[in-house]
>>> print(open('structure39.cif').read())   # mmCIF, C-alpha atoms and all ligand atoms
data_my_file
#
loop_
_atom_site.label_atom_id
_atom_site.label_comp_id
_atom_site.auth_asym_id
_atom_site.auth_seq_id
_atom_site.Cartn_x
_atom_site.Cartn_y
_atom_site.Cartn_z
CA MET A 1 55.20 113.35 35.49
CA ARG A 2 58.72 113.69 36.78
CA THR A 3 59.02 116.16 39.67
CA PRO A 4 60.97 119.27 38.58
CA ILE A 5 62.75 119.69 41.93
CA PRO A 6 65.97 117.78 40.98
CA ASP A 7 66.09 119.74 37.70
CA TYR A 8 65.81 122.93 39.66
CA LEU A 9 68.71 121.90 41.94
CA THR A 10 70.77 120.96 38.86
CA GLU A 11 70.00 124.32 37.32
CA ILE A 12 71.30 126.12 40.43
CA GLN A 13 74.38 123.98 40.29
CA ASP A 14 75.00 124.66 36.60
CA SER A 15 74.71 128.39 37.15
CA LEU A 16 77.40 128.27 39.86
CA ARG A 17 79.71 125.63 38.44
CA ASP A 18 82.21 128.09 36.98
CA ASP A 19 82.60 130.10 40.17
CA ASP A 20 86.10 129.12 41.35
CA GLN A 21 86.60 131.82 43.96
CA GLY A 22 88.04 130.89 47.34
CA ALA A 23 90.48 128.16 48.30
CA VAL A 24 90.34 124.77 49.96
CA ALA A 25 91.31 124.73 53.64
CA ASP A 26 94.99 123.92 53.97
CA TYR A 27 95.63 124.28 57.69
CA ILE A 28 94.55 120.63 57.93
CA PRO A 29 96.95 118.95 55.46
CA ALA A 30 94.51 116.16 54.45
CA LEU A 31 91.87 118.74 53.49
CA ALA A 32 94.29 120.49 51.13
CA GLU A 33 94.17 117.37 48.94
CA ALA A 34 90.41 117.68 48.30
CA ASP A 35 89.25 118.01 44.69
CA PRO A 36 88.13 121.68 44.66
CA ASP A 37 85.66 121.11 41.80
CA LEU A 38 83.42 118.67 43.63
CA PHE A 39 79.96 120.13 43.96
CA ALA A 40 76.74 118.67 45.37
CA ILE A 41 73.37 119.83 46.65
CA ALA A 42 70.73 117.88 48.59
CA LEU A 43 67.39 118.88 50.00
CA THR A 44 65.30 116.74 52.37
CA THR A 45 61.74 117.62 53.27
CA VAL A 46 60.22 117.00 56.69
CA ALA A 47 58.16 114.30 54.93
CA GLY A 48 61.47 112.45 54.40
CA ARG A 49 61.95 112.87 50.65
CA THR A 50 65.45 113.76 49.46
CA TYR A 51 66.33 115.48 46.16
CA THR A 52 69.92 115.76 44.97
CA ALA A 53 72.16 117.19 42.30
CA GLY A 54 75.85 116.63 41.53
CA ASP A 55 78.35 114.61 43.55
CA CYS A 56 75.79 113.65 46.15
CA ASP A 57 77.41 110.40 47.30
CA VAL A 58 80.95 111.74 47.72
CA GLU A 59 81.94 111.67 51.39
CA PHE A 60 83.86 114.38 53.19
CA SER A 61 84.54 115.17 56.83
CA ILE A 62 81.73 116.87 58.71
CA GLN A 63 84.11 119.29 60.51
CA SER A 64 82.27 122.16 62.17
CA MET A 65 78.87 120.94 60.98
CA SER A 66 79.32 118.46 63.84
CA LYS A 67 79.08 121.31 66.37
CA PRO A 68 75.29 121.82 66.45
CA PHE A 69 74.68 118.07 66.75
CA ALA A 70 77.29 117.66 69.49
CA TYR A 71 75.61 120.56 71.28
CA ALA A 72 72.26 118.76 70.95
CA ALA A 73 73.89 115.64 72.41
CA ALA A 74 75.34 117.61 75.33
CA LEU A 75 71.94 119.19 76.06
CA THR A 76 70.40 115.72 76.02
CA ASP A 77 73.10 114.18 78.21
CA ARG A 78 73.64 116.95 80.74
CA GLY A 79 70.59 119.23 80.62
CA GLU A 80 70.31 122.87 79.67
CA GLU A 81 71.35 124.30 83.02
CA PHE A 82 74.57 122.33 83.25
CA VAL A 83 75.53 123.00 79.64
CA GLY A 84 74.52 126.66 79.92
CA GLY A 85 76.86 127.10 82.88
CA ARG A 86 79.80 126.18 80.64
CA VAL A 87 78.93 127.41 77.14
CA GLY A 88 76.98 130.56 76.25
CA VAL A 89 74.57 131.21 73.38
CA GLU A 90 75.75 134.66 72.26
CA PRO A 91 77.24 135.30 68.81
CA SER A 92 80.94 135.98 69.14
CA GLY A 93 81.41 138.09 66.01
CA GLU A 94 84.89 136.61 65.77
CA ALA A 95 86.58 133.94 63.70
CA PHE A 96 85.88 130.27 64.38
CA ASN A 97 89.22 129.63 66.03
CA GLU A 98 89.33 132.74 68.25
CA LEU A 99 89.47 132.23 71.98
CA SER A 100 86.16 134.06 72.51
CA LEU A 101 85.41 133.74 76.21
CA GLU A 102 83.05 135.85 78.29
CA SER A 103 85.12 138.15 80.44
CA ASP A 104 83.60 137.33 83.83
CA SER A 105 82.57 133.65 83.62
CA HIS A 106 85.24 132.63 81.06
CA ARG A 107 82.58 130.55 79.33
CA PRO A 108 83.09 130.26 75.58
CA LYS A 109 80.55 132.55 73.94
CA ASN A 110 78.73 129.83 72.00
CA PRO A 111 79.04 126.17 70.97
CA MET A 112 79.64 126.99 67.28
CA ILE A 113 83.14 128.43 67.69
CA ASN A 114 85.98 126.07 68.45
CA ALA A 115 86.33 127.08 72.11
CA GLY A 116 82.65 126.31 72.68
CA ALA A 117 82.71 123.13 70.61
CA ILE A 118 85.76 121.73 72.43
CA THR A 119 83.93 122.42 75.71
CA THR A 120 80.74 120.84 74.34
CA HIS A 121 82.60 117.70 73.32
CA GLN A 122 83.88 117.29 76.86
CA LEU A 123 80.28 117.57 78.15
CA LEU A 124 79.14 114.50 76.19
CA VAL A 125 77.96 111.42 78.12
CA GLY A 126 78.80 112.58 81.66
CA SER A 127 81.53 113.53 84.06
CA GLY A 128 84.37 111.03 84.09
CA ALA A 129 83.39 109.40 80.78
CA LYS A 130 86.25 107.85 78.85
CA PRO A 131 87.42 109.81 75.77
CA ALA A 132 86.37 106.92 73.50
CA GLU A 133 82.86 106.93 74.98
CA ARG A 134 82.42 110.56 74.03
CA VAL A 135 83.49 109.93 70.45
CA GLU A 136 81.18 106.91 70.31
CA ARG A 137 78.30 109.04 71.61
CA ALA A 138 78.84 111.56 68.80
CA LEU A 139 79.14 108.80 66.22
CA ASP A 140 75.98 107.04 67.45
CA LEU A 141 73.92 110.21 67.49
CA PHE A 142 75.15 111.41 64.09
CA SER A 143 74.40 107.94 62.66
CA ALA A 144 70.85 108.01 64.07
CA LEU A 145 70.39 111.48 62.60
CA ALA A 146 71.68 110.39 59.19
CA GLY A 147 69.75 107.11 59.28
CA ARG A 148 72.85 105.03 58.45
CA ARG A 149 76.04 104.00 60.21
CA LEU A 150 78.71 106.69 59.80
CA ALA A 151 82.46 106.27 60.30
CA ILE A 152 85.47 108.35 61.22
CA ASP A 153 87.95 109.34 58.52
CA GLU A 154 91.08 108.40 60.42
CA ALA A 155 93.47 109.97 57.91
CA VAL A 156 91.74 113.36 58.28
CA ARG A 157 91.65 113.02 62.07
CA ASP A 158 95.34 112.15 62.32
CA SER A 159 96.31 114.87 59.90
CA GLU A 160 94.41 117.51 61.87
CA LEU A 161 95.87 116.30 65.15
CA GLU A 162 99.37 116.84 63.81
CA THR A 163 98.62 120.53 63.31
CA ALA A 164 96.15 121.10 66.16
CA ASP A 165 98.30 123.55 68.11
CA ARG A 166 95.72 126.28 68.05
CA ASN A 167 92.88 124.04 69.33
CA LEU A 168 95.27 122.66 71.95
CA ALA A 169 96.09 126.20 73.06
CA ILE A 170 92.37 126.93 73.34
CA ALA A 171 91.82 123.74 75.34
CA HIS A 172 94.67 124.52 77.73
CA MET A 173 93.23 127.98 78.30
CA LEU A 174 89.79 126.48 78.96
CA ARG A 175 91.30 124.08 81.45
CA ASN A 176 93.14 126.96 83.10
CA TYR A 177 89.78 128.63 83.72
CA GLY A 178 88.23 125.43 85.05
CA ILE A 179 85.85 125.10 82.08
CA LEU A 180 87.44 121.83 80.95
CA GLU A 181 87.85 119.07 83.53
CA ASP A 182 89.77 116.58 81.44
CA ASP A 183 93.22 116.48 79.92
CA PRO A 184 93.24 119.06 77.07
CA HIS A 185 95.03 116.62 74.74
CA GLU A 186 92.34 113.99 75.21
CA VAL A 187 89.52 116.47 74.70
CA VAL A 188 91.07 117.88 71.50
CA ALA A 189 91.68 114.34 70.22
CA GLY A 190 88.00 113.51 70.81
CA TYR A 191 86.75 116.77 69.32
CA THR A 192 88.96 116.22 66.26
CA ALA A 193 87.60 112.70 65.81
CA GLN A 194 84.07 114.14 66.02
CA CYS A 195 84.98 116.63 63.26
CA SER A 196 86.39 113.78 61.11
CA ILE A 197 83.14 111.83 60.81
CA ARG A 198 82.47 111.20 57.13
CA VAL A 199 79.21 112.35 55.58
CA SER A 200 77.71 113.01 52.15
CA VAL A 201 75.40 115.89 51.27
CA ARG A 202 72.51 113.45 51.51
CA ASP A 203 73.49 112.75 55.11
CA ILE A 204 73.75 116.39 56.10
CA ALA A 205 70.44 117.26 54.42
CA VAL A 206 68.68 114.49 56.37
CA MET A 207 70.45 115.46 59.61
CA ALA A 208 69.35 119.06 59.11
CA ALA A 209 65.82 117.93 58.24
CA THR A 210 65.71 116.16 61.61
CA LEU A 211 66.31 119.51 63.30
CA ALA A 212 63.67 121.04 61.01
CA SER A 213 61.09 118.48 62.07
CA GLY A 214 61.41 118.90 65.82
CA GLY A 215 63.97 116.12 66.30
CA ILE A 216 62.09 113.40 64.38
CA GLN A 217 64.30 111.78 61.74
CA PRO A 218 61.99 112.13 58.76
CA VAL A 219 63.02 108.91 57.00
CA THR A 220 63.18 106.48 59.92
CA GLY A 221 60.50 108.26 61.96
CA GLU A 222 62.66 107.96 65.08
CA GLN A 223 62.48 110.78 67.64
CA VAL A 224 66.25 111.24 67.77
CA LEU A 225 66.26 114.53 69.67
CA ASP A 226 63.51 116.00 71.77
CA ARG A 227 61.71 118.97 70.35
CA ALA A 228 63.12 121.56 72.76
CA THR A 229 66.66 120.38 72.00
CA ALA A 230 66.07 120.68 68.24
CA ARG A 231 64.72 124.20 68.78
CA LYS A 232 67.67 125.28 70.93
CA THR A 233 70.12 123.86 68.42
CA LEU A 234 68.50 125.73 65.55
CA SER A 235 68.46 128.93 67.60
CA VAL A 236 72.18 128.87 68.23
CA MET A 237 72.82 128.01 64.58
CA ALA A 238 70.76 131.06 63.61
CA SER A 239 72.74 133.44 65.80
CA ALA A 240 76.24 131.97 65.58
CA GLY A 241 76.39 129.23 62.94
CA MET A 242 78.19 131.26 60.33
CA TYR A 243 80.91 132.61 62.61
CA ASP A 244 81.75 136.26 62.06
CA ALA A 245 79.44 136.36 59.01
CA ALA A 246 76.41 135.22 61.06
CA GLY A 247 74.62 138.59 60.94
CA SER A 248 74.86 139.20 57.22
CA TRP A 249 74.06 135.53 56.55
CA PHE A 250 70.85 135.71 58.52
CA ASN A 251 69.94 139.00 56.91
CA ASP A 252 70.47 137.75 53.36
CA VAL A 253 69.63 134.06 53.55
CA GLY A 254 67.64 133.66 56.76
CA ILE A 255 68.22 129.93 57.18
CA PRO A 256 69.83 128.65 60.42
CA ALA A 257 73.00 127.06 59.11
CA LYS A 258 76.42 125.64 59.90
CA SER A 259 79.45 125.36 57.71
CA GLY A 260 82.46 123.07 57.88
CA VAL A 261 85.98 123.68 56.59
CA ALA A 262 85.87 120.60 54.36
CA GLY A 263 83.34 122.53 52.24
CA GLY A 264 80.03 121.31 53.64
CA LEU A 265 77.21 123.65 54.53
CA LEU A 266 73.96 122.57 56.12
CA GLY A 267 70.84 124.55 56.91
CA ALA A 268 67.44 123.81 58.37
CA LEU A 269 64.19 125.65 57.94
CA PRO A 270 61.83 124.69 60.79
CA GLY A 271 58.81 122.74 59.61
CA GLN A 272 60.02 122.63 56.00
CA VAL A 273 63.39 121.34 54.85
CA GLY A 274 66.96 120.42 55.60
CA ILE A 275 69.51 121.49 52.99
CA GLY A 276 73.07 120.37 52.41
CA SER A 277 75.70 121.56 49.97
CA PHE A 278 79.28 120.56 49.36
CA SER A 279 81.93 122.55 47.54
CA PRO A 280 85.42 122.71 49.06
CA ARG A 281 86.58 126.24 48.15
CA LEU A 282 86.13 128.54 51.14
CA ASP A 283 85.90 132.29 51.65
CA ALA A 284 87.88 134.27 54.22
CA HIS A 285 85.40 133.32 56.98
CA GLY A 286 85.92 129.60 56.30
CA ASN A 287 82.50 129.17 54.60
CA SER A 288 82.03 127.43 51.23
CA VAL A 289 81.81 130.04 48.46
CA ARG A 290 79.48 128.13 46.14
CA GLY A 291 77.57 126.71 49.12
CA ILE A 292 76.66 130.21 50.23
CA GLU A 293 75.37 130.99 46.74
CA VAL A 294 73.32 127.77 46.69
CA PHE A 295 71.61 128.79 49.91
CA ARG A 296 71.14 132.35 48.70
CA ARG A 297 69.41 131.10 45.55
CA LEU A 298 67.22 128.60 47.40
CA SER A 299 66.22 131.22 49.96
CA THR A 300 65.23 133.75 47.30
CA ASP A 301 63.67 131.46 44.70
CA MET A 302 61.77 129.24 47.10
CA GLY A 303 60.88 131.86 49.70
CA LEU A 304 62.80 130.04 52.44
CA HIS A 305 63.89 133.05 54.51
CA LEU A 306 62.80 132.36 58.08
CA MET A 307 61.64 135.93 58.58
CA ASP A 308 59.57 135.93 55.41
CA THR A 309 55.91 135.14 55.77
CA GLU A 310 52.93 135.17 53.49
CA SER A 311 50.41 134.28 56.15
CA PHE A 312 48.56 137.38 57.23
CA GLY A 313 45.65 136.71 59.55
CA SER A 314 43.88 133.46 60.20
CA HIS A 315 40.74 131.82 58.88
CA ALA A 316 40.43 129.57 61.89
CA LEU A 317 36.81 130.55 62.48
CA ARG A 318 35.03 129.17 59.43
CA ASP A 319 31.48 129.89 60.45
CA ILE A 320 29.35 130.92 63.41
CA ARG A 321 25.69 130.01 63.31
CA VAL A 322 22.77 130.15 65.70
CA ASP A 323 20.10 127.50 65.46
CA ALA A 324 17.32 127.66 68.05
CA ASP A 325 19.03 127.57 71.46
CA THR A 326 22.47 126.57 70.20
CA THR A 327 25.41 128.53 68.77
CA TYR A 328 27.68 126.49 66.50
CA LEU A 329 31.31 127.61 66.21
CA SER A 330 32.92 125.89 63.25
CA LEU A 331 36.73 125.86 63.37
CA GLN A 332 39.03 124.95 60.51
CA GLY A 333 42.67 124.48 59.49
CA ILE A 334 45.52 124.68 61.95
CA ILE A 335 44.55 126.11 65.32
CA ASP A 336 47.73 127.62 66.72
CA PHE A 337 48.04 130.73 68.89
CA ASN A 338 46.86 132.94 66.08
CA GLY A 339 43.91 130.71 65.15
CA ALA A 340 42.78 130.31 68.76
CA GLU A 341 43.05 134.06 69.28
CA VAL A 342 40.58 134.64 66.43
CA VAL A 343 38.08 132.29 68.09
CA LEU A 344 38.54 133.75 71.57
CA HIS A 345 38.32 137.30 70.27
CA ARG A 346 34.99 136.53 68.58
CA LEU A 347 33.59 135.01 71.78
CA ASP A 348 34.77 138.03 73.76
CA GLU A 349 33.51 140.63 71.33
CA ALA A 350 30.09 139.05 70.71
CA PRO A 351 29.33 136.64 73.57
CA PRO A 352 26.94 133.85 72.54
CA GLU A 353 23.38 134.52 73.62
CA THR A 354 22.20 130.92 73.52
CA PRO A 355 22.29 128.55 76.51
CA THR A 356 24.31 126.02 74.49
CA VAL A 357 27.50 126.45 72.44
CA ILE A 358 28.92 123.64 70.28
CA VAL A 359 32.53 123.85 69.12
CA ASP A 360 32.77 121.98 65.83
CA ALA A 361 36.32 120.75 65.22
CA SER A 362 35.45 118.43 62.34
CA ARG A 363 37.28 120.62 59.81
CA VAL A 364 40.32 121.26 61.99
CA GLU A 365 43.57 119.86 60.61
CA ARG A 366 45.31 120.00 63.96
CA PHE A 367 45.58 121.96 67.18
CA SER A 368 49.02 123.10 68.28
CA ASP A 369 49.59 122.62 71.98
CA VAL A 370 48.97 126.28 72.75
CA GLY A 371 45.98 126.39 70.37
CA ARG A 372 44.44 123.44 72.19
CA ARG A 373 44.95 124.99 75.60
CA MET A 374 43.52 128.33 74.51
CA VAL A 375 40.38 126.83 72.94
CA ILE A 376 39.78 124.65 76.01
CA GLU A 377 40.23 127.68 78.25
CA GLY A 378 37.63 129.50 76.13
CA MET A 379 35.25 126.57 76.53
CA ARG A 380 35.90 126.53 80.27
CA ARG A 381 35.09 130.22 80.53
CA LEU A 382 31.85 129.76 78.55
CA SER A 383 30.92 127.02 80.98
CA LEU A 384 31.68 129.33 83.94
CA ASP A 385 29.32 131.85 82.36
CA GLY A 386 26.59 129.22 82.71
CA ILE A 387 26.66 128.02 79.11
CA THR A 388 26.44 124.32 78.28
CA VAL A 389 29.41 123.51 76.06
CA GLY A 390 29.52 120.71 73.51
CA LEU A 391 32.20 119.42 71.19
CA ALA A 392 31.80 117.90 67.73
CA ASP A 393 35.13 116.28 66.97
CA PRO A 394 34.68 113.06 64.99
CA GLU A 395 38.40 112.81 64.11
CA GLU A 396 39.49 113.55 67.70
CA ARG A 397 41.65 116.49 66.72
CA LEU A 398 41.27 118.03 70.19
CA PRO A 399 42.96 115.64 72.58
CA ASP A 400 42.01 115.67 76.27
CA PRO A 401 39.08 118.08 75.98
CA GLY A 402 38.48 118.13 79.76
CA LEU A 403 37.69 121.66 80.92
CA GLY A 404 40.15 121.56 83.80
CA ASP A 405 37.44 121.58 86.49
CA GLY A 406 36.66 117.89 86.26
CA THR A 407 33.92 118.39 83.68
CA MET A 408 33.90 117.54 79.99
CA PRO A 409 32.07 119.20 77.13
CA PHE A 410 29.22 116.97 75.99
CA ILE A 411 30.22 115.11 72.87
CA VAL A 412 28.14 115.75 69.78
CA PRO A 413 27.88 112.66 67.56
CA ALA A 414 29.68 112.68 64.22
CA GLN A 415 27.72 114.89 61.87
CA ARG A 416 28.26 118.19 60.14
CA THR A 417 26.96 120.94 62.36
CA GLU A 418 27.07 123.47 59.57
CA SER A 419 24.05 124.46 57.57
N1 LIG B 1 88.09 120.66 62.94
C1 LIG B 1 88.13 122.04 62.49
C2 LIG B 1 88.87 122.87 63.54
O1 LIG B 1 88.65 122.68 64.70
C3 LIG B 1 86.75 122.53 62.26
C4 LIG B 1 86.70 123.95 61.80
C5 LIG B 1 85.54 124.26 60.88
O2 LIG B 1 85.00 123.38 60.23
O3 LIG B 1 85.17 125.45 60.80
O4 LIG B 1 89.65 123.72 63.20
#
>>> encode(input="structure39.cif", output="structure tokens", more="lines below")
Ligand code: GLU
Amino acid sequence: MRTPIPDYLTEIQDSLRDDDQGAVADYIPALAEADPDLFAIALTTVAGRTYTAGDCDVEFSIQSMSKPFAYAAALTDRGEEFVGGRVGVEPSGEAFNELSLESDSHRPKNPMINAGAITTHQLLVGSGAKPAERVERALDLFSALAGRRLAIDEAVRDSELETADRNLAIAHMLRNYGILEDDPHEVVAGYTAQCSIRVSVRDIAVMAATLASGGIQPVTGEQVLDRATARKTLSVMASAGMYDAAGSWFNDVGIPAKSGVAGGLLGALPGQVGIGSFSPRLDAHGNSVRGIEVFRRLSTDMGLHLMDTESFGSHALRDIRVDADTTYLSLQGIIDFNGAEVVLHRLDEAPPETPTVIVDASRVERFSDVGRRMVIEGMRRLSLDGITVGLADPEERLPDPGLGDGTMPFIVPAQRTES
């Protein structure tokens, strides 16, 4: 059997091919030369498989899709507190190149608009870093995220620098308010180089999938970003990634995303997929017209809206059985907050009446961190109530089962405890 997923992507593409609304960006002269008919889609799962349709190996400049990853680099290099003191996380509701600064602190409102992204670029590496080191940091991180060595499109960079008056004006204003430390010309040159890194839709789908899988690059298996950084990056993409269209985008499509003026659009759905599209004609907000439709279709047809859920309730407690002086609690599936709550609620509502309780984790797929802590706390409380607590966990799904008071549940040898 041949998987139907590439056919499905091709079908989406075919249905949108004739849509020629919008126009290629022309405020950067080199971008005005792009072939407006190019069109590509890529989807990478958190298991590291990539599916593509169309011009999937054509390279284009990453532009503003660099902003979330540069933000992730700044968080890694300088820490949340330092970065947060200089760039906010509020949607600006204004165009990408507006000078949206908070009135009291003069911080740019978020790292997705140019003012915030120019500031973020200057935060890379550390105070006093050379301009070239900051560009190298972005290039190294983006390459690790893509799983291959990326390069700067020097023609695009030079072309943008020739017409960068607006970004220079923003940078001078930021320096005036003490947000930028370095020479505005150097910072804009570095930021522009960062925006000129060449990628294909395959690259951006894999980069987005890395955010979707908690910072682990799903093809190389490398932990490129830590989990909290991936989460923060996705959060700011969700609230501000689509500029002044961020609210309606999230309402309709519900995928944290970031667009770039060269026509790229990337999105990441936590725990599931990274998606990339490329089509150079842009709408009035600077977002790719056909790219938006690709995401709209994927969100609707594949149920990828972040706020959509089909999971109502949990079946974490598979079975509860009393045999002589022992109560067996058989857990199953994924024990997250919700799953652990079901177990704790049952113990609270109908406390075991036997002197021994055995928690059987042999059918558990995994415990989330909070699920683990909650189940262990439940076991600790049973033990405080004078109950002897045992654990049947042949696959060791429950790491560190110590009850927090120096004692351990007694370990039940590998065997099914169910009847
Ligand atoms: N380098 C572009 C600029 O700063 C990026 C804009 C975008 O992709 O939205 O104007």
>>> atom_distance(input="structure39.cif", atom1="atom CA of A:Arg78", atom2="atom CA of A:Val224")
16.0 Å
>>> residues_near_ligand(input="structure39.cif", ligand="ligand LIG 1 (chain B)", cutoff="10 Å", atoms="all atoms listed in the file", output="PyMOL selection string")
chain A and resi 25+27-28+61-67+95-97+112-115+117-118+156-157+160-161+163-168+188+191-196+241-243+258-265+285-287
>>> atom_distance(input="structure39.cif", atom1="atom CA of A:Val253", atom2="atom CA of A:Ser299")
5.7 Å
>>> atom_distance(input="structure39.cif", atom1="atom CA of A:Ala23", atom2="atom CA of A:Asp35")
10.8 Å
>>> closest_residue(input="structure39.cif", among="A:Asp283, A:Asp203, A:Glu90, A:Asp319", to="A:Gly147", atoms="only C-alpha atoms")
A:Asp203
>>> closest_residue(input="structure39.cif", among="A:Gly404, A:Ile216, A:Ala238, A:Leu266", to="A:Glu377", atoms="all atoms listed in the file")
A:Gly404
>>> closest_residue(input="structure39.cif", among="A:Val294, A:Leu403, A:Val364, A:Ile170", to="A:Ser15", atoms="all atoms listed in the file")
A:Val294
>>> closest_residue(input="structure39.cif", among="A:Ile197, A:Leu225, A:Val89, A:Leu139", to="A:Ala240", atoms="all atoms listed in the file")
A:Val89
>>> residues_around(input="structure39.cif", residues="stretch 378-385 of chain A", least_positions_apart="3", cutoff="8 Å", atoms="only C-alpha atoms", output="list in words")
Leu344, Met374, Val375, Thr388, Val389, Leu403 and Gly404 of chain A
>>> residues_near_point(input="structure39.cif", point="(82.9, 109.9, 54.3)", cutoff="7 Å", atoms="only C-alpha atoms", output="ChimeraX atom specification")
/A:59-61,153,197-200
>>> residues_around(input="structure39.cif", residues="A:Gly178", least_positions_apart="3", cutoff="12 Å", atoms="only C-alpha atoms", output="CSV table (one decimal) with C-alpha atoms, in the frame of the given file")
chain,number,residue,atom,x,y,z
A,85,GLY,CA,76.9,127.1,82.9
A,86,ARG,CA,79.8,126.2,80.6
A,105,SER,CA,82.6,133.6,83.6
A,106,HIS,CA,85.2,132.6,81.1
A,107,ARG,CA,82.6,130.6,79.3
A,108,PRO,CA,83.1,130.3,75.6
A,119,THR,CA,83.9,122.4,75.7
A,171,ALA,CA,91.8,123.7,75.3
A,172,HIS,CA,94.7,124.5,77.7
A,173,MET,CA,93.2,128.0,78.3
A,174,LEU,CA,89.8,126.5,79.0
A,175,ARG,CA,91.3,124.1,81.4
A,181,GLU,CA,87.8,119.1,83.5
A,182,ASP,CA,89.8,116.6,81.4
A,183,ASP,CA,93.2,116.5,79.9
A,184,PRO,CA,93.2,119.1,77.1
>>> decode(input="structure39.cif", residues="stretch 355-368 of chain A", atoms="N, CA and C atoms", output="short mmCIF file (atom, residue, chain, number, x, y, z; two decimals), in the first residue's frame")
data_model
loop_
_atom_site.label_atom_id
_atom_site.label_comp_id
_atom_site.auth_asym_id
_atom_site.auth_seq_id
_atom_site.Cartn_x
_atom_site.Cartn_y
_atom_site.Cartn_z
N PRO A 355 -6.29 -3.98 53.83
CA PRO A 355 -5.03 -3.45 54.40
C PRO A 355 -3.94 -3.26 53.35
N THR A 356 -4.14 -3.84 52.15
CA THR A 356 -3.12 -3.71 51.10
C THR A 356 -3.76 -3.20 49.81
N VAL A 357 -3.07 -2.27 49.15
CA VAL A 357 -3.51 -1.79 47.83
C VAL A 357 -2.35 -1.96 46.87
N ILE A 358 -2.62 -2.57 45.71
CA ILE A 358 -1.57 -2.71 44.69
C ILE A 358 -1.97 -1.88 43.47
N VAL A 359 -1.10 -0.96 43.09
CA VAL A 359 -1.31 -0.17 41.87
C VAL A 359 -0.65 -0.95 40.72
N ASP A 360 -1.46 -1.33 39.75
CA ASP A 360 -0.95 -2.11 38.63
C ASP A 360 -0.77 -1.19 37.41
N ALA A 361 0.50 -0.92 37.09
CA ALA A 361 0.80 -0.01 35.98
C ALA A 361 1.20 -0.78 34.72
N SER A 362 0.92 -2.08 34.69
CA SER A 362 1.44 -2.87 33.56
C SER A 362 0.77 -2.52 32.24
N ARG A 363 -0.40 -1.89 32.27
CA ARG A 363 -1.05 -1.49 31.01
C ARG A 363 -0.93 0.01 30.75
N VAL A 364 -0.12 0.68 31.53
CA VAL A 364 0.05 2.13 31.33
C VAL A 364 1.01 2.34 30.17
N GLU A 365 0.64 3.28 29.27
CA GLU A 365 1.54 3.59 28.16
C GLU A 365 2.64 4.52 28.67
N ARG A 366 2.23 5.57 29.36
CA ARG A 366 3.22 6.43 30.01
C ARG A 366 2.54 7.33 31.02
N PHE A 367 3.33 7.79 31.99
CA PHE A 367 2.87 8.80 32.94
C PHE A 367 3.44 10.14 32.50
N SER A 368 2.62 11.17 32.44
CA SER A 368 3.20 12.51 32.27
C SER A 368 3.82 12.87 33.61
#
